[in-house]
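What follows is a set of notes on a single structure, which appears directly below.
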Amino acid sequence: MAVQDIRYYLNGILFVAEGKQLGLVATDGHRLAFASATLDVEVPKQEVILPRKTVIELQRLLSDAGGDNQPHIEMQFANNQAKFTFGGMEFVTKLVEGKFPDYNRVIPRNHTNSVTLGRAPLLASLQRTAIMTSDKFKGVRLNLEPGILRVASNNAEQEEAVDELDIDYGGDTIEIGFNVTYLIDALANMEQDMVKIELTDGNSSALITIPDNSTFKYVVMPMRI
């Protein structure tokens, strides 16, 4: 989610319910996350934007109400309000007015190159390399070539960190820059062993997904390094 963006509709999460599917979308303009879940009942299409504060509070309440017996949650949407009922409590919030961008246009399709690799090794490599980035400039370079992923960063003192991972990849050689925080955020919030990264070239956004699983998509724009 964006933080205090003048495009106020980005300061929250879009809920899209249709049929038995619930899709959640958030973007800060540099990256976009999509997650979906299955509903217990079929519903007509509805779209609402939950404010950032509401999302954070709901997250806290749901984790407190978690444990072994995950509570079922009932969601009710009105014109400018939403109500969530779970664990013996009701949570009512105002909604954000405005039109959320068409996220389907942002999620890239038909990438020409893809690599599937271990989430934990990639996360550890990015964390090691991030040490050499500065607070102002969080850029890392990813060099993808057959068999190897090279992650590199450097700072104003010309110090450099380079980390290499052996990968199962036979596609194009690609060099692309990213804000390392954006990649770490995505990987740290996933639990799966493997991740799939799809790329076209060094100037196009990357798509991070879970192999054989369409419930999560994470799009991140490249940065010039």
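Chain labels run A, B, ... following the order of the structure tokens; each chain numbers its residues from 1, and ligands are numbered from 1 in the order shown.
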Write out as a PyMOL selection string which residues come within 10 Å of Ala186 (chain A) when counting only C-alpha atoms, dropping same-chain ones fewer than 6 positions away.
-> chain A and resi 33+123+208-209+217-220
Report the closest atom pair, with its distance in Å rounded to one decimal, for each residue of region 150-203 of chain A that has an atom no farther than 10 Å from region 118-122 of chain A; count only C-alpha atoms, sort by chain and then rising residue number, and write it as a tab-separated table.
```
residue	atom	partner	partner_atom	distance
A:Val151	CA	A:Leu122	CA	9.2
A:Asp163	CA	A:Leu122	CA	9.8
A:Glu164	CA	A:Leu122	CA	9.5
A:Leu165	CA	A:Leu122	CA	7.7
A:Ile167	CA	A:Gly118	CA	9.0
A:Leu183	CA	A:Leu122	CA	9.6
A:Ile184	CA	A:Leu122	CA	9.1
A:Leu187	CA	A:Arg119	CA	6.6
A:Ala188	CA	A:Ala120	CA	8.6
A:Met190	CA	A:Arg119	CA	8.3
A:Glu191	CA	A:Arg119	CA	8.4
A:Gln192	CA	A:Arg119	CA	7.1
A:Asp193	CA	A:Arg119	CA	5.5
A:Met194	CA	A:Gly118	CA	4.5
A:Val195	CA	A:Arg119	CA	5.5
A:Lys196	CA	A:Gly118	CA	8.8
```
Alpha helix (DSSP H) positions in region 3-197 of chain A, given as JSON, numbers by chain = {"A": [52, 53, 54, 55, 56, 57, 58, 59, 60, 61, 62, 63, 64, 103, 104, 105, 106, 119, 120, 121, 122, 123, 124, 125, 126, 127, 128, 129, 130, 180, 181, 182, 183, 184, 185, 186, 187, 188]}
Any chance you could export the current selection's C-alpha atoms as an mmCIF file, in the first residue's frame?
```cif
data_model
loop_
_atom_site.group_PDB
_atom_site.id
_atom_site.type_symbol
_atom_site.label_atom_id
_atom_site.label_comp_id
_atom_site.auth_asym_id
_atom_site.auth_seq_id
_atom_site.Cartn_x
_atom_site.Cartn_y
_atom_site.Cartn_z
ATOM 1 C CA ARG A 52 -4.477 1.679 5.168
ATOM 2 C CA LYS A 53 -5.214 2.105 8.902
ATOM 3 C CA THR A 54 -8.104 -0.339 8.654
ATOM 4 C CA VAL A 55 -5.953 -2.955 6.918
ATOM 5 C CA ILE A 56 -3.211 -2.736 9.554
ATOM 6 C CA GLU A 57 -5.732 -2.957 12.408
ATOM 7 C CA LEU A 58 -7.559 -5.877 10.769
ATOM 8 C CA GLN A 59 -4.251 -7.658 10.290
ATOM 9 C CA ARG A 60 -3.481 -7.273 13.987
ATOM 10 C CA LEU A 61 -6.945 -8.403 15.108
ATOM 11 C CA LEU A 62 -6.931 -11.432 12.806
ATOM 12 C CA SER A 63 -3.483 -12.544 13.957
ATOM 13 C CA ASP A 64 -4.622 -12.203 17.594
ATOM 14 C CA TYR A 103 -4.525 -3.769 -12.031
ATOM 15 C CA ASN A 104 -4.989 -6.354 -14.813
ATOM 16 C CA ARG A 105 -3.189 -4.009 -17.199
ATOM 17 C CA VAL A 106 -0.234 -3.772 -14.802
ATOM 18 C CA ARG A 119 12.923 -18.630 -1.964
ATOM 19 C CA ALA A 120 15.163 -18.826 1.132
ATOM 20 C CA PRO A 121 18.510 -18.842 -0.773
ATOM 21 C CA LEU A 122 17.388 -15.898 -2.917
ATOM 22 C CA LEU A 123 16.176 -13.970 0.132
ATOM 23 C CA ALA A 124 19.470 -14.627 1.966
ATOM 24 C CA SER A 125 21.475 -13.521 -1.080
ATOM 25 C CA LEU A 126 19.505 -10.264 -1.358
ATOM 26 C CA GLN A 127 19.875 -9.599 2.367
ATOM 27 C CA ARG A 128 23.651 -10.105 2.179
ATOM 28 C CA THR A 129 23.947 -7.849 -0.853
ATOM 29 C CA ALA A 130 21.659 -5.178 0.642
ATOM 30 C CA VAL A 180 16.259 -4.487 -3.004
ATOM 31 C CA THR A 181 13.700 -3.642 -0.305
ATOM 32 C CA TYR A 182 10.857 -4.375 -2.721
ATOM 33 C CA LEU A 183 12.227 -7.854 -3.456
ATOM 34 C CA ILE A 184 12.961 -8.647 0.202
ATOM 35 C CA ASP A 185 9.447 -7.520 1.214
ATOM 36 C CA ALA A 186 7.837 -9.966 -1.200
ATOM 37 C CA LEU A 187 10.043 -12.951 -0.375
ATOM 38 C CA ALA A 188 9.870 -12.384 3.392
#
```
At what distance in Å, to one decimal, does CA of Ile49 (chain A) lie from CA of Leu14 (chain A)?
-> 4.4 Å
Contacts of Glu160 (chain A) at 10 Å (only C-alpha atoms; same-chain gap of 5+ positions) as an NGL selection string | :A and (129 or 131-133 or 152-155)
Shortest interatomic distance to Glu97 (chain A) - which of A:Leu149, A:Ile73, A:Val43, A:Ile13, counting only C-alpha atoms |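 Result for the nearest residue to Glu97 (chain A): A:Ile13.
Computed from the coordinates, the CA of Ser114 (chain A) to CA of Asn179 (chain A) distance equals 19.7 Å.
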If you count only C-alpha atoms, the residue of A:Leu144, A:Ala156, A:Leu50, A:Val92 closest to Val115 (chain A) turns out to be A:Leu144
If you run DSSP over the backbone, which residues in region 141-171 of chain A end up strand (DSSP E or B)? Put them as a PyMOL selection string.
-> chain A and resi 141-145+148-154+160-166
Those same residues - C-alpha atoms - I'd like them written as an mmCIF file, in the first residue's frame.
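Contents of result.cif, freshly written:
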```cif
data_model
loop_
_atom_site.group_PDB
_atom_site.id
_atom_site.type_symbol
_atom_site.label_atom_id
_atom_site.label_comp_id
_atom_site.auth_asym_id
_atom_site.auth_seq_id
_atom_site.Cartn_x
_atom_site.Cartn_y
_atom_site.Cartn_z
ATOM 1 C CA ARG A 141 21.771 -5.510 -9.926
ATOM 2 C CA LEU A 142 20.568 -8.948 -10.928
ATOM 3 C CA ASN A 143 22.543 -10.640 -13.711
ATOM 4 C CA LEU A 144 20.701 -13.639 -15.051
ATOM 5 C CA GLU A 145 22.522 -16.018 -17.390
ATOM 6 C CA ILE A 148 23.821 -18.541 -12.713
ATOM 7 C CA LEU A 149 22.085 -15.652 -10.977
ATOM 8 C CA ARG A 150 24.515 -12.964 -9.843
ATOM 9 C CA VAL A 151 23.302 -10.368 -7.301
ATOM 10 C CA ALA A 152 25.490 -7.268 -6.885
ATOM 11 C CA SER A 153 25.427 -3.880 -5.191
ATOM 12 C CA ASN A 154 27.874 -1.066 -4.505
ATOM 13 C CA GLU A 160 30.909 -3.818 -3.821
ATOM 14 C CA ALA A 161 29.081 -6.959 -2.759
ATOM 15 C CA VAL A 162 28.539 -9.842 -5.192
ATOM 16 C CA ASP A 163 26.651 -13.047 -4.483
ATOM 17 C CA GLU A 164 26.073 -15.955 -6.866
ATOM 18 C CA LEU A 165 23.372 -18.618 -6.962
ATOM 19 C CA ASP A 166 23.359 -21.731 -9.133
#
```
So, counting only C-alpha atoms, which residue among A:Asp40, A:Lys138, A:Ile174, A:Glu159 is closest to Ile225 (chain A)?
->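 Result for the nearest residue to Ile225 (chain A): A:Lys138.
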Region 35-37 of chain A surroundings by only C-alpha atoms, 9 Å radius, close-in-sequence under 5 positions cut, as an mmCIF file with C-alpha atoms, in the first residue's frame:
```
data_model
loop_
_atom_site.group_PDB
_atom_site.id
_atom_site.type_symbol
_atom_site.label_atom_id
_atom_site.label_comp_id
_atom_site.auth_asym_id
_atom_site.auth_seq_id
_atom_site.Cartn_x
_atom_site.Cartn_y
_atom_site.Cartn_z
ATOM 1 C CA LYS A 20 -16.700 -17.349 -5.210
ATOM 2 C CA GLN A 21 -13.453 -15.425 -5.643
ATOM 3 C CA LEU A 22 -12.034 -12.630 -3.504
ATOM 4 C CA GLY A 23 -9.100 -10.701 -4.942
ATOM 5 C CA LEU A 24 -6.989 -8.231 -2.956
ATOM 6 C CA VAL A 25 -4.780 -5.684 -4.726
ATOM 7 C CA SER A 214 -2.289 -18.523 -9.235
ATOM 8 C CA THR A 215 -3.333 -17.043 -5.862
ATOM 9 C CA PHE A 216 -0.359 -14.645 -5.567
ATOM 10 C CA LYS A 217 1.270 -12.248 -8.022
ATOM 11 C CA TYR A 218 3.839 -9.567 -7.265
#
```
A:Ser205, A:Thr93, A:Thr38, A:Gln158: which is nearest Ser134 (chain A), counting only C-alpha atoms?
-> A:Gln158
For Asn80 (chain A), work out the shell of residues within 10 Å, counting only C-alpha atoms and skipping chain neighbours fewer than 2 positions away, then give it as a list in words.
->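 So the residues in contact are Val48, Ile49, Phe77, Ala78, Ala82, Thr93, Lys94, Leu95, Val96 and Glu97 of chain A.
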